[in-house]
Amino acid sequence: MSGSAPLLSVKDLRIVFDGRHGPLTALDGVSFAIAPGEILGVVGESGAGKSLTGTAVIGLLDPPGRISGGEIRLDGQRIDNLPQDAMRRLRGRRIGAIFQDPLTSLHPLLTVGEQIVETITTHLPLSRSQARGRALSLLREVGIPAAETRIDQYPHQFSGGMRQRVVIALALCAEPKLIIADEPTTALDVSIQAQITTLLKRLCREHGTAIMLVTHDMGVIAETADRVAVMYAGRIVEIGPVEEVTRRPRHPYTAGLMASIPSVHARHAQLNQIDGAMPRLNAIPAGCAFNPRCGRVQPFCREHRPGLPSGLHGAACHFPLMEPVHA
Amino acid sequence: MRDAAASVLLDPPDATREESDTILTVSAASCRFDVSAPALTRLLSRQPRRILRAVEEVSFTVKRGTTFSIVGESGCGKSTLARMVVGLQRPTDGALHFHDIRRADGTVGPPRVQMIFQDPYASLNPRWRVGDIIAEPIRELKLRPDAASTQARVGDLLEIVGLSRSDAQRYPHAFSGGQRQRISIARALATEADFLVCDEPTSALDVSVQAQVLNLMVRLQKELGLTYLFISHNLSVVRHMSDHLAIMYLGRFVETGAAEEVFSRARHPYTRLLLDTIPDVEKPNRNRQPMSGEVPSPIAPPPGCAFHPRCPIAIEHCRVEAPVLRPIDGEFVACHLA
């Protein structure tokens, strides 16, 4: 994550949904970058726009949603304006995807092997038997025991955790440099969750794959990601190294979010709560979107929208909780 | 198993008789489902009957005004247990007994039990106004003499859960997940409930909203003296809410005791592994050792201790003999090696 060129760079991305009462802005000027081999966590509550960001990067944004501004670059090449065909070739080959529910992302009538072989032969110049060999080694790599027999089984014969491993194997088929993982552990039990995040981290290290990990679970992010972007009402409100953001949050929203997570280490009489709810898309307040719920709000916040400062750790707040240590 | 179970229930015998604060006693309750193929198919293909043991000989008591939590992964039987407590499911074996309580108004009788469901989007009728949803139990149980006092009670309930009186006129779709869960709570309280069974009440909510709902539940417990049976897979939420808790694995309690005790000195290897594997915001980028394997099927549980295939310290004895819940320093643990 040093000075190397970013693998993925998203600049000032705006997504609007055209509706009966005019366009609704769902993503408003989102910018971030992911370095090769890095895990960027994107965290936020329902409706913050985190999944939408992932969807836009893999080019699966459906109408009435559309990108109305900004750009997405993969290895320096713009991909947000590619024609459908080119995007289709790129998806799977250079960007892999893992979704929340492993049962719906696998075809129920094809064996696991058929699905992996199909994906491999689509993207790589391999014969079917070579592809099957690769499928086997992929299944072994993601930790499926008895891969030789499991490869000819159907998705319903796998448990939730094993299915998610198959989905990860599918995403890895063509050795993409970037994987978009949208809530990959949310549908799983805690003990299985730990297995999957450990697997993702290992793959990331061994293959140099970058991962954009979209989730609402701050715990998963804290354990898995290198850096984290916190989203609120379609904007990134804070971005920085995961340790910095979780231990020394600068944005009042991040701080409130962290404090509202019950601790396993101690019992408190009351949880810190952020009153109110995230605004709807048609009622995002002027100035800072968080101002009606913020405890530190000043009149200035109601009029002027804070920008996200560049640098390692920054918060889009006029009055951040802690000034940076240097500079 | 019998002896251990009995020791869980029996406080000194005279304490249970009168003015006891025990509100619920569950004695060796089991719930099994017959999941066999149809009789003819079974006969033709010579399959035996298949029994799913959802809950096996579970015993515990809940004290009035406290929170008893049940923790476990999917399929461990925690929701079946909750359904047995509210009476949506009959125990196949064993018994559940609610003790009479003396209410604030002086009446003595069995506690009123209500349930809060996980999904606030599915548990409220979308075609009814919120006011009618909350008024239904009041009308049904004839708790108020006329329409005007029913309306007044609905308004009061809405205010108790932090909504406004005018919300009675709106439909559920106008509310967010957290607000809907508040409506569910108001509906449960409308029956003058004393005992709430909460099956994953905050799992469908975002963390900041979860905090609002949990704070509300704690406040209501203090103000109204409610008793909660709290079902969850989220250990940090359970730690925040519980006085006592039980860890379930494959239909059985593996460890039960005072919450502080279990969290600070977990004795069963499963509890320790669970505590170890939950993602922790306070320890970023920890390298942890994930628990291997998965929960086995409750139709064909492993012989001996059900946890032995995943247990890091299992010995030969664990494969043969199932451990019983036995008392260790005021807790109960089902492990040969604890």
# chains A, B, ... in the order shown; residues from 1 in each chain; ligands from 1
>>> residues_around(residues="Lys78 in chain B", least_positions_apart="2", cutoff="12 Å", atoms="only C-alpha atoms", output="compact mmCIF listing (two decimals) with N, CA and C atoms, in the first residue's frame")
# COMPACT_ATOMS: atom_id res chain seq x y z
N SER B 30 -37.89 -31.86 25.96
CA SER B 30 -37.31 -32.28 24.68
C SER B 30 -38.31 -31.99 23.59
N CYS B 31 -37.80 -31.73 22.40
CA CYS B 31 -38.68 -31.59 21.25
C CYS B 31 -38.05 -32.35 20.10
N ALA B 54 -34.43 -31.77 18.01
CA ALA B 54 -34.20 -30.33 18.00
C ALA B 54 -33.76 -29.83 19.37
N VAL B 55 -34.46 -30.31 20.41
CA VAL B 55 -34.11 -29.93 21.78
C VAL B 55 -34.10 -31.20 22.60
N GLU B 56 -33.03 -31.44 23.35
CA GLU B 56 -32.90 -32.67 24.11
C GLU B 56 -32.73 -32.39 25.60
N VAL B 58 -33.64 -30.35 28.08
CA VAL B 58 -33.12 -29.07 28.52
C VAL B 58 -33.84 -28.65 29.79
N SER B 69 -30.61 -15.72 28.61
CA SER B 69 -30.32 -15.78 27.18
C SER B 69 -29.92 -17.17 26.75
N ILE B 70 -30.27 -17.47 25.51
CA ILE B 70 -29.86 -18.74 24.93
C ILE B 70 -29.07 -18.44 23.67
N VAL B 71 -27.84 -18.92 23.63
CA VAL B 71 -26.94 -18.61 22.53
C VAL B 71 -26.60 -19.88 21.78
N GLY B 72 -26.46 -19.77 20.48
CA GLY B 72 -26.02 -20.92 19.71
C GLY B 72 -26.04 -20.61 18.24
N GLU B 73 -25.46 -21.51 17.45
CA GLU B 73 -25.43 -21.30 16.01
C GLU B 73 -26.72 -21.81 15.38
N SER B 74 -26.89 -21.58 14.07
CA SER B 74 -28.13 -22.03 13.43
C SER B 74 -28.29 -23.53 13.60
N GLY B 75 -29.52 -23.94 13.84
CA GLY B 75 -29.80 -25.37 13.95
C GLY B 75 -29.51 -25.96 15.31
N CYS B 76 -29.16 -25.14 16.30
CA CYS B 76 -28.85 -25.72 17.61
C CYS B 76 -30.11 -25.92 18.44
N THR B 80 -36.55 -23.36 18.51
CA THR B 80 -37.53 -24.37 18.90
C THR B 80 -37.83 -24.24 20.39
N LEU B 81 -36.77 -24.02 21.16
CA LEU B 81 -36.95 -23.84 22.59
C LEU B 81 -37.82 -22.61 22.88
N ALA B 82 -37.56 -21.53 22.16
CA ALA B 82 -38.37 -20.31 22.34
C ALA B 82 -39.82 -20.59 22.01
N ARG B 83 -40.05 -21.34 20.93
CA ARG B 83 -41.42 -21.64 20.53
C ARG B 83 -42.12 -22.53 21.57
N MET B 84 -41.35 -23.39 22.21
CA MET B 84 -41.95 -24.21 23.27
C MET B 84 -42.37 -23.34 24.44
N VAL B 85 -41.54 -22.36 24.78
CA VAL B 85 -41.84 -21.51 25.93
C VAL B 85 -43.11 -20.70 25.69
N VAL B 197 -40.58 -13.34 25.21
CA VAL B 197 -39.63 -14.22 24.55
C VAL B 197 -39.17 -13.50 23.30
N CYS B 198 -37.90 -13.15 23.24
CA CYS B 198 -37.39 -12.34 22.13
C CYS B 198 -36.47 -13.20 21.29
N ASP B 199 -36.93 -13.55 20.09
CA ASP B 199 -36.15 -14.42 19.22
C ASP B 199 -35.36 -13.54 18.25
N GLU B 200 -34.09 -13.34 18.54
CA GLU B 200 -33.21 -12.52 17.71
C GLU B 200 -33.84 -11.17 17.39
N LEU B 229 -36.75 -13.83 27.95
CA LEU B 229 -36.00 -14.97 27.46
C LEU B 229 -35.44 -14.50 26.12
N PHE B 230 -34.14 -14.36 26.05
CA PHE B 230 -33.52 -13.68 24.93
C PHE B 230 -32.74 -14.68 24.10
N ILE B 231 -33.14 -14.83 22.84
CA ILE B 231 -32.50 -15.81 21.97
C ILE B 231 -31.60 -15.06 21.00
N SER B 232 -30.34 -15.43 20.90
CA SER B 232 -29.48 -14.71 19.98
C SER B 232 -28.27 -15.54 19.60
N HIS B 233 -27.69 -15.22 18.45
CA HIS B 233 -26.42 -15.84 18.11
C HIS B 233 -25.29 -14.85 18.35
N LEU B 245 -27.24 -17.13 31.28
CA LEU B 245 -27.30 -17.57 29.90
C LEU B 245 -26.98 -19.05 29.78
N ALA B 246 -27.36 -19.58 28.63
CA ALA B 246 -27.07 -20.98 28.34
C ALA B 246 -26.51 -21.03 26.92
N ILE B 247 -25.46 -21.81 26.73
CA ILE B 247 -24.91 -22.02 25.40
C ILE B 247 -25.45 -23.35 24.91
N MET B 248 -26.05 -23.34 23.72
CA MET B 248 -26.65 -24.56 23.18
C MET B 248 -25.83 -25.09 22.03
N TYR B 249 -25.71 -26.39 21.97
CA TYR B 249 -25.06 -27.02 20.83
C TYR B 249 -25.83 -28.29 20.50
N LEU B 250 -26.35 -28.35 19.30
CA LEU B 250 -27.05 -29.53 18.82
C LEU B 250 -28.15 -29.99 19.80
N GLY B 251 -28.97 -29.04 20.23
CA GLY B 251 -30.14 -29.38 21.02
C GLY B 251 -29.93 -29.48 22.51
N ARG B 252 -28.68 -29.41 22.96
CA ARG B 252 -28.43 -29.53 24.40
C ARG B 252 -27.72 -28.29 24.93
N PHE B 253 -27.91 -28.04 26.22
CA PHE B 253 -27.12 -27.02 26.87
C PHE B 253 -25.73 -27.59 27.10
>>> residues_around(residues="range 286-299 of chain A", least_positions_apart="5", cutoff="10 Å", atoms="only C-alpha atoms", output="count of residues only")
25
>>> residues_around(residues="Thr104 in chain A", least_positions_apart="4", cutoff="12 Å", atoms="only C-alpha atoms", output="list of chain:residue names")
A:Ile98, A:Phe99, A:Gln100, A:Pro108, A:Leu109, A:Pro155, A:His156, A:Gly160, A:Arg163, A:Gln164, A:Val167, A:Ala187
>>> write_last_selection(atoms="C-alpha atoms", output="compact mmCIF listing (two decimals), in the first residue's frame")
# COMPACT_ATOMS: atom_id res chain seq x y z
CA ILE A 98 -18.61 -12.89 -4.09
CA PHE A 99 -22.15 -12.19 -2.93
CA GLN A 100 -23.96 -12.55 0.34
CA PRO A 108 -28.92 -25.26 -8.55
CA LEU A 109 -29.10 -27.62 -11.54
CA PRO A 155 -24.90 -26.93 -4.55
CA HIS A 156 -27.71 -28.23 -2.31
CA GLY A 160 -23.63 -22.78 3.82
CA ARG A 163 -21.07 -23.19 -0.60
CA GLN A 164 -19.42 -19.89 0.17
CA VAL A 167 -18.34 -19.22 -4.62
CA ALA A 187 -25.42 -15.34 6.02
>>> residues_around(residues="His317 in chain B", least_positions_apart="6", cutoff="12 Å", atoms="only C-alpha atoms", output="VMD selection string")
chain B and resid 303 to 305 308 323 335 to 337
>>> residues_around(residues="Gln181 in chain B", least_positions_apart="4", cutoff="12 Å", atoms="only C-alpha atoms", output="PDB file with N, CA and C atoms, in the first residue's frame")
ATOM      1  N   MET B 115     -44.313 -12.824  22.479  1.00  0.00           N
ATOM      2  CA  MET B 115     -43.092 -13.068  21.720  1.00  0.00           C
ATOM      3  C   MET B 115     -42.759 -11.869  20.842  1.00  0.00           C
ATOM      4  N   ILE B 116     -41.468 -11.559  20.745  1.00  0.00           N
ATOM      5  CA  ILE B 116     -40.988 -10.553  19.796  1.00  0.00           C
ATOM      6  C   ILE B 116     -40.216 -11.321  18.730  1.00  0.00           C
ATOM      7  N   PHE B 117     -40.600 -11.146  17.471  1.00  0.00           N
ATOM      8  CA  PHE B 117     -39.977 -11.926  16.418  1.00  0.00           C
ATOM      9  C   PHE B 117     -38.795 -11.187  15.802  1.00  0.00           C
ATOM     10  N   GLN B 118     -38.007 -11.969  15.065  1.00  0.00           N
ATOM     11  CA  GLN B 118     -36.794 -11.420  14.477  1.00  0.00           C
ATOM     12  C   GLN B 118     -37.062 -10.372  13.404  1.00  0.00           C
ATOM     13  N   ASP B 119     -37.964 -10.695  12.484  1.00  0.00           N
ATOM     14  CA  ASP B 119     -38.096  -9.864  11.293  1.00  0.00           C
ATOM     15  C   ASP B 119     -39.275  -8.908  11.433  1.00  0.00           C
ATOM     16  N   PRO B 120     -39.002  -7.637  11.712  1.00  0.00           N
ATOM     17  CA  PRO B 120     -40.109  -6.704  11.917  1.00  0.00           C
ATOM     18  C   PRO B 120     -40.842  -6.390  10.617  1.00  0.00           C
ATOM     19  N   TYR B 121     -40.298  -6.850   9.485  1.00  0.00           N
ATOM     20  CA  TYR B 121     -40.985  -6.608   8.218  1.00  0.00           C
ATOM     21  C   TYR B 121     -42.038  -7.677   7.979  1.00  0.00           C
ATOM     22  N   ALA B 122     -41.875  -8.850   8.605  1.00  0.00           N
ATOM     23  CA  ALA B 122     -42.814  -9.940   8.379  1.00  0.00           C
ATOM     24  C   ALA B 122     -43.806 -10.092   9.525  1.00  0.00           C
ATOM     25  N   SER B 123     -43.528  -9.484  10.679  1.00  0.00           N
ATOM     26  CA  SER B 123     -44.378  -9.768  11.833  1.00  0.00           C
ATOM     27  C   SER B 123     -45.463  -8.717  12.063  1.00  0.00           C
ATOM     28  N   LEU B 124     -45.550  -7.714  11.196  1.00  0.00           N
ATOM     29  CA  LEU B 124     -46.630  -6.730  11.327  1.00  0.00           C
ATOM     30  C   LEU B 124     -47.495  -6.794  10.075  1.00  0.00           C
ATOM     31  N   VAL B 130     -51.100   0.978  12.487  1.00  0.00           N
ATOM     32  CA  VAL B 130     -50.348   0.635  13.688  1.00  0.00           C
ATOM     33  C   VAL B 130     -51.246   0.629  14.925  1.00  0.00           C
ATOM     34  N   LEU B 158     -47.493   3.619  22.618  1.00  0.00           N
ATOM     35  CA  LEU B 158     -46.609   4.177  21.601  1.00  0.00           C
ATOM     36  C   LEU B 158     -45.587   5.104  22.243  1.00  0.00           C
ATOM     37  N   VAL B 161     -42.743   3.187  24.066  1.00  0.00           N
ATOM     38  CA  VAL B 161     -41.676   2.643  23.231  1.00  0.00           C
ATOM     39  C   VAL B 161     -40.974   3.720  22.405  1.00  0.00           C
ATOM     40  N   GLY B 162     -41.281   4.977  22.670  1.00  0.00           N
ATOM     41  CA  GLY B 162     -40.535   6.050  22.019  1.00  0.00           C
ATOM     42  C   GLY B 162     -41.070   6.483  20.667  1.00  0.00           C
ATOM     43  N   LEU B 163     -42.331   6.184  20.394  1.00  0.00           N
ATOM     44  CA  LEU B 163     -42.951   6.708  19.171  1.00  0.00           C
ATOM     45  C   LEU B 163     -43.968   7.769  19.605  1.00  0.00           C
ATOM     46  N   PRO B 172     -47.571   0.216   8.729  1.00  0.00           N
ATOM     47  CA  PRO B 172     -46.201  -0.231   9.017  1.00  0.00           C
ATOM     48  C   PRO B 172     -45.165   0.201   7.974  1.00  0.00           C
ATOM     49  N   PHE B 175     -42.634   3.025   8.473  1.00  0.00           N
ATOM     50  CA  PHE B 175     -41.662   3.003   9.568  1.00  0.00           C
ATOM     51  C   PHE B 175     -40.397   2.252   9.164  1.00  0.00           C
ATOM     52  N   SER B 176     -39.293   2.626   9.768  1.00  0.00           N
ATOM     53  CA  SER B 176     -38.028   1.932   9.520  1.00  0.00           C
ATOM     54  C   SER B 176     -37.981   0.653  10.357  1.00  0.00           C
ATOM     55  N   GLY B 177     -36.975  -0.174  10.124  1.00  0.00           N
ATOM     56  CA  GLY B 177     -36.853  -1.451  10.833  1.00  0.00           C
ATOM     57  C   GLY B 177     -36.869  -1.300  12.343  1.00  0.00           C
ATOM     58  N   ILE B 185     -42.822  -4.406  20.032  1.00  0.00           N
ATOM     59  CA  ILE B 185     -42.710  -4.405  21.488  1.00  0.00           C
ATOM     60  C   ILE B 185     -43.973  -3.811  22.106  1.00  0.00           C
ATOM     61  N   ALA B 186     -44.481  -2.720  21.506  1.00  0.00           N
ATOM     62  CA  ALA B 186     -45.709  -2.103  22.020  1.00  0.00           C
ATOM     63  C   ALA B 186     -46.864  -3.092  21.957  1.00  0.00           C
ATOM     64  N   ARG B 187     -46.934  -3.857  20.860  1.00  0.00           N
ATOM     65  CA  ARG B 187     -48.008  -4.837  20.714  1.00  0.00           C
ATOM     66  C   ARG B 187     -47.909  -5.913  21.794  1.00  0.00           C
ATOM     67  N   ALA B 188     -46.656  -6.343  22.079  1.00  0.00           N
ATOM     68  CA  ALA B 188     -46.472  -7.357  23.112  1.00  0.00           C
ATOM     69  C   ALA B 188     -46.875  -6.803  24.473  1.00  0.00           C
ATOM     70  N   CYS B 198     -37.895 -13.153  23.242  1.00  0.00           N
ATOM     71  CA  CYS B 198     -37.388 -12.344  22.134  1.00  0.00           C
ATOM     72  C   CYS B 198     -36.473 -13.202  21.287  1.00  0.00           C
ATOM     73  N   ASP B 199     -36.935 -13.554  20.088  1.00  0.00           N
ATOM     74  CA  ASP B 199     -36.151 -14.416  19.223  1.00  0.00           C
ATOM     75  C   ASP B 199     -35.355 -13.544  18.255  1.00  0.00           C
ATOM     76  N   GLU B 200     -34.092 -13.341  18.541  1.00  0.00           N
ATOM     77  CA  GLU B 200     -33.209 -12.525  17.706  1.00  0.00           C
ATOM     78  C   GLU B 200     -33.845 -11.165  17.388  1.00  0.00           C
ATOM     79  N   PRO B 201     -34.219 -10.391  18.413  1.00  0.00           N
ATOM     80  CA  PRO B 201     -34.999  -9.180  18.126  1.00  0.00           C
ATOM     81  C   PRO B 201     -34.228  -8.098  17.388  1.00  0.00           C
ATOM     82  N   THR B 202     -32.898  -8.151  17.403  1.00  0.00           N
ATOM     83  CA  THR B 202     -32.164  -7.070  16.738  1.00  0.00           C
ATOM     84  C   THR B 202     -31.308  -7.551  15.578  1.00  0.00           C
ATOM     85  N   SER B 203     -31.428  -8.835  15.203  1.00  0.00           N
ATOM     86  CA  SER B 203     -30.538  -9.342  14.145  1.00  0.00           C
ATOM     87  C   SER B 203     -30.790  -8.695  12.804  1.00  0.00           C
ATOM     88  N   ALA B 204     -32.019  -8.221  12.582  1.00  0.00           N
ATOM     89  CA  ALA B 204     -32.315  -7.644  11.279  1.00  0.00           C
ATOM     90  C   ALA B 204     -32.025  -6.146  11.261  1.00  0.00           C
ATOM     91  N   LEU B 205     -31.465  -5.615  12.345  1.00  0.00           N
ATOM     92  CA  LEU B 205     -31.304  -4.162  12.441  1.00  0.00           C
ATOM     93  C   LEU B 205     -29.838  -3.749  12.320  1.00  0.00           C
ATOM     94  N   VAL B 209     -29.164   1.306  15.239  1.00  0.00           N
ATOM     95  CA  VAL B 209     -30.568   1.092  15.559  1.00  0.00           C
ATOM     96  C   VAL B 209     -30.703  -0.024  16.595  1.00  0.00           C
ATOM     97  N   GLN B 210     -29.850  -1.031  16.469  1.00  0.00           N
ATOM     98  CA  GLN B 210     -29.826  -2.112  17.443  1.00  0.00           C
ATOM     99  C   GLN B 210     -29.602  -1.542  18.841  1.00  0.00           C
ATOM    100  N   GLN B 212     -30.398   1.395  19.906  1.00  0.00           N
ATOM    101  CA  GLN B 212     -31.629   2.061  20.357  1.00  0.00           C
ATOM    102  C   GLN B 212     -32.624   1.048  20.908  1.00  0.00           C
ATOM    103  N   VAL B 213     -32.801  -0.070  20.178  1.00  0.00           N
ATOM    104  CA  VAL B 213     -33.795  -1.056  20.599  1.00  0.00           C
ATOM    105  C   VAL B 213     -33.357  -1.768  21.887  1.00  0.00           C
ATOM    106  N   LEU B 214     -32.061  -2.095  21.982  1.00  0.00           N
ATOM    107  CA  LEU B 214     -31.579  -2.755  23.199  1.00  0.00           C
ATOM    108  C   LEU B 214     -31.728  -1.834  24.409  1.00  0.00           C
ATOM    109  N   LEU B 216     -33.919   0.485  24.776  1.00  0.00           N
ATOM    110  CA  LEU B 216     -35.350   0.524  25.091  1.00  0.00           C
ATOM    111  C   LEU B 216     -35.751  -0.704  25.900  1.00  0.00           C
ATOM    112  N   MET B 217     -35.246  -1.888  25.473  1.00  0.00           N
ATOM    113  CA  MET B 217     -35.623  -3.117  26.170  1.00  0.00           C
ATOM    114  C   MET B 217     -35.121  -3.109  27.609  1.00  0.00           C
TER     115      MET B 217
END
>>> interface_residues(of="chain A", to="chain B", cutoff="7 Å", atoms="only C-alpha atoms", output="JSON, numbers by chain")
{"A": [45, 46, 189, 190, 191, 194, 195, 218, 219, 220, 222, 223, 224, 243, 246, 257, 260, 261, 262, 263, 264, 267, 268, 270, 271, 272, 273, 274]}
>>> atom_distance(atom1="CA of Phe32 in chain A", atom2="CA of Glu71 in chain A")
10.9 Å
>>> residues_around(residues="range 142-146 of chain A", least_positions_apart="5", cutoff="12 Å", atoms="only C-alpha atoms", output="PyMOL selection string")
(chain A and resi 112+135-137+151-153+158-159+161-173+195-204) or (chain B and resi 292-293)
>>> select_by_dssp(residues="range 69-266 of chain A", states="strand (DSSP E or B)", output="PyMOL selection string")
chain A and resi 69-74+77-78+95-98+178-182+210-215+227-232+235-241
>>> write_last_selection(atoms="N, CA and C atoms", output="tab-separated table (two decimals), in the first residue's frame")
chain	number	residue	atom	x	y	z
A	69	GLY	N	-21.75	10.68	-13.07
A	69	GLY	CA	-20.54	11.49	-13.02
A	69	GLY	C	-19.42	10.70	-12.38
A	70	GLY	N	-18.21	11.19	-12.61
A	70	GLY	CA	-17.05	10.55	-12.01
A	70	GLY	C	-16.52	9.43	-12.88
A	71	GLU	N	-15.49	8.75	-12.40
A	71	GLU	CA	-14.91	7.67	-13.20
A	71	GLU	C	-14.40	6.54	-12.32
A	72	ILE	N	-14.33	5.36	-12.93
A	72	ILE	CA	-13.79	4.19	-12.26
A	72	ILE	C	-12.65	3.68	-13.14
A	73	ARG	N	-11.47	3.55	-12.59
A	73	ARG	CA	-10.33	3.05	-13.37
A	73	ARG	C	-9.78	1.78	-12.74
A	74	LEU	N	-9.53	0.79	-13.63
A	74	LEU	CA	-8.90	-0.45	-13.18
A	74	LEU	C	-7.56	-0.50	-13.88
A	77	GLN	N	-7.09	1.98	-16.59
A	77	GLN	CA	-8.00	2.01	-17.73
A	77	GLN	C	-9.42	2.29	-17.24
A	78	ARG	N	-10.11	3.20	-17.94
A	78	ARG	CA	-11.47	3.52	-17.49
A	78	ARG	C	-12.40	2.35	-17.77
A	95	ILE	N	-12.05	-8.86	-12.59
A	95	ILE	CA	-12.74	-8.56	-11.32
A	95	ILE	C	-13.62	-9.75	-10.98
A	96	GLY	N	-13.42	-10.33	-9.82
A	96	GLY	CA	-14.28	-11.41	-9.37
A	96	GLY	C	-15.31	-10.88	-8.40
A	97	ALA	N	-16.36	-11.67	-8.18
A	97	ALA	CA	-17.40	-11.20	-7.26
A	97	ALA	C	-17.84	-12.31	-6.32
A	98	ILE	N	-18.06	-11.96	-5.08
A	98	ILE	CA	-18.61	-12.89	-4.09
A	98	ILE	C	-19.81	-12.19	-3.46
A	178	LEU	N	-8.75	-8.25	-8.64
A	178	LEU	CA	-9.62	-7.57	-7.69
A	178	LEU	C	-10.86	-8.42	-7.46
A	179	ILE	N	-11.25	-8.55	-6.22
A	179	ILE	CA	-12.49	-9.26	-5.91
A	179	ILE	C	-13.41	-8.32	-5.14
A	180	ILE	N	-14.66	-8.24	-5.59
A	180	ILE	CA	-15.65	-7.46	-4.85
A	180	ILE	C	-16.42	-8.47	-4.00
A	181	ALA	N	-16.30	-8.37	-2.70
A	181	ALA	CA	-17.00	-9.31	-1.81
A	181	ALA	C	-18.08	-8.53	-1.07
A	182	ASP	N	-19.34	-8.80	-1.43
A	182	ASP	CA	-20.45	-8.06	-0.84
A	182	ASP	C	-21.09	-8.89	0.26
A	210	ALA	N	-6.46	-8.05	-4.62
A	210	ALA	CA	-7.04	-6.99	-3.80
A	210	ALA	C	-8.50	-7.32	-3.58
A	211	ILE	N	-9.02	-6.96	-2.41
A	211	ILE	CA	-10.43	-7.24	-2.13
A	211	ILE	C	-11.12	-5.98	-1.66
A	212	MET	N	-12.29	-5.73	-2.25
A	212	MET	CA	-13.14	-4.68	-1.71
A	212	MET	C	-14.22	-5.41	-0.91
A	213	LEU	N	-14.14	-5.29	0.40
A	213	LEU	CA	-15.00	-6.06	1.30
A	213	LEU	C	-16.13	-5.17	1.79
A	214	VAL	N	-17.33	-5.41	1.26
A	214	VAL	CA	-18.47	-4.59	1.62
A	214	VAL	C	-19.25	-5.30	2.72
A	215	THR	N	-19.43	-4.67	3.86
A	215	THR	CA	-20.20	-5.32	4.92
A	215	THR	C	-20.74	-4.29	5.91
A	227	ARG	N	-7.53	-1.27	5.24
A	227	ARG	CA	-8.06	0.08	5.38
A	227	ARG	C	-9.58	-0.02	5.37
A	228	VAL	N	-10.25	1.00	5.87
A	228	VAL	CA	-11.70	0.98	5.90
A	228	VAL	C	-12.26	2.32	5.46
A	229	ALA	N	-13.35	2.26	4.68
A	229	ALA	CA	-14.08	3.46	4.30
A	229	ALA	C	-15.46	3.37	4.94
A	230	VAL	N	-15.84	4.39	5.70
A	230	VAL	CA	-17.14	4.40	6.36
A	230	VAL	C	-18.09	5.24	5.52
A	231	MET	N	-19.22	4.67	5.16
A	231	MET	CA	-20.17	5.40	4.30
A	231	MET	C	-21.40	5.82	5.07
A	232	TYR	N	-21.93	6.97	4.70
A	232	TYR	CA	-23.17	7.46	5.30
A	232	TYR	C	-23.92	8.25	4.25
A	235	ARG	N	-22.22	8.93	0.87
A	235	ARG	CA	-20.90	9.57	0.84
A	235	ARG	C	-19.95	8.81	1.75
A	236	ILE	N	-18.66	8.94	1.45
A	236	ILE	CA	-17.67	8.39	2.39
A	236	ILE	C	-17.42	9.46	3.44
A	237	VAL	N	-17.64	9.12	4.71
A	237	VAL	CA	-17.45	10.12	5.75
A	237	VAL	C	-16.08	9.98	6.41
A	238	GLU	N	-15.49	8.80	6.33
A	238	GLU	CA	-14.17	8.64	6.92
A	238	GLU	C	-13.46	7.49	6.23
A	239	ILE	N	-12.17	7.66	6.01
A	239	ILE	CA	-11.39	6.58	5.40
A	239	ILE	C	-10.01	6.58	6.04
A	240	GLY	N	-9.47	5.40	6.26
A	240	GLY	CA	-8.14	5.33	6.87
A	240	GLY	C	-7.78	3.91	7.23
A	241	PRO	N	-6.57	3.71	7.76
A	241	PRO	CA	-6.15	2.38	8.20
A	241	PRO	C	-7.11	1.86	9.26
>>> decode(residues="range 103-125 of chain B", atoms="C-alpha atoms", output="mmCIF file, in the first residue's frame")
data_model
loop_
_atom_site.group_PDB
_atom_site.id
_atom_site.type_symbol
_atom_site.label_atom_id
_atom_site.label_comp_id
_atom_site.auth_asym_id
_atom_site.auth_seq_id
_atom_site.Cartn_x
_atom_site.Cartn_y
_atom_site.Cartn_z
ATOM 1 C CA ARG B 103 -48.528 -8.246 39.858
ATOM 2 C CA ALA B 104 -48.307 -4.577 40.766
ATOM 3 C CA ASP B 105 -52.124 -4.340 40.912
ATOM 4 C CA GLY B 106 -52.246 -7.116 43.535
ATOM 5 C CA THR B 107 -53.609 -9.886 41.329
ATOM 6 C CA VAL B 108 -51.928 -13.266 41.440
ATOM 7 C CA GLY B 109 -51.818 -15.551 38.451
ATOM 8 C CA PRO B 110 -49.653 -17.086 35.764
ATOM 9 C CA PRO B 111 -47.526 -14.580 33.837
ATOM 10 C CA ARG B 112 -48.683 -13.356 30.447
ATOM 11 C CA VAL B 113 -46.195 -14.438 27.812
ATOM 12 C CA GLN B 114 -45.598 -12.698 24.504
ATOM 13 C CA MET B 115 -43.092 -13.068 21.720
ATOM 14 C CA ILE B 116 -40.988 -10.553 19.796
ATOM 15 C CA PHE B 117 -39.977 -11.926 16.418
ATOM 16 C CA GLN B 118 -36.794 -11.420 14.477
ATOM 17 C CA ASP B 119 -38.096 -9.864 11.293
ATOM 18 C CA PRO B 120 -40.109 -6.704 11.917
ATOM 19 C CA TYR B 121 -40.985 -6.608 8.218
ATOM 20 C CA ALA B 122 -42.814 -9.940 8.379
ATOM 21 C CA SER B 123 -44.378 -9.768 11.833
ATOM 22 C CA LEU B 124 -46.630 -6.730 11.327
ATOM 23 C CA ASN B 125 -49.704 -6.885 9.110
#
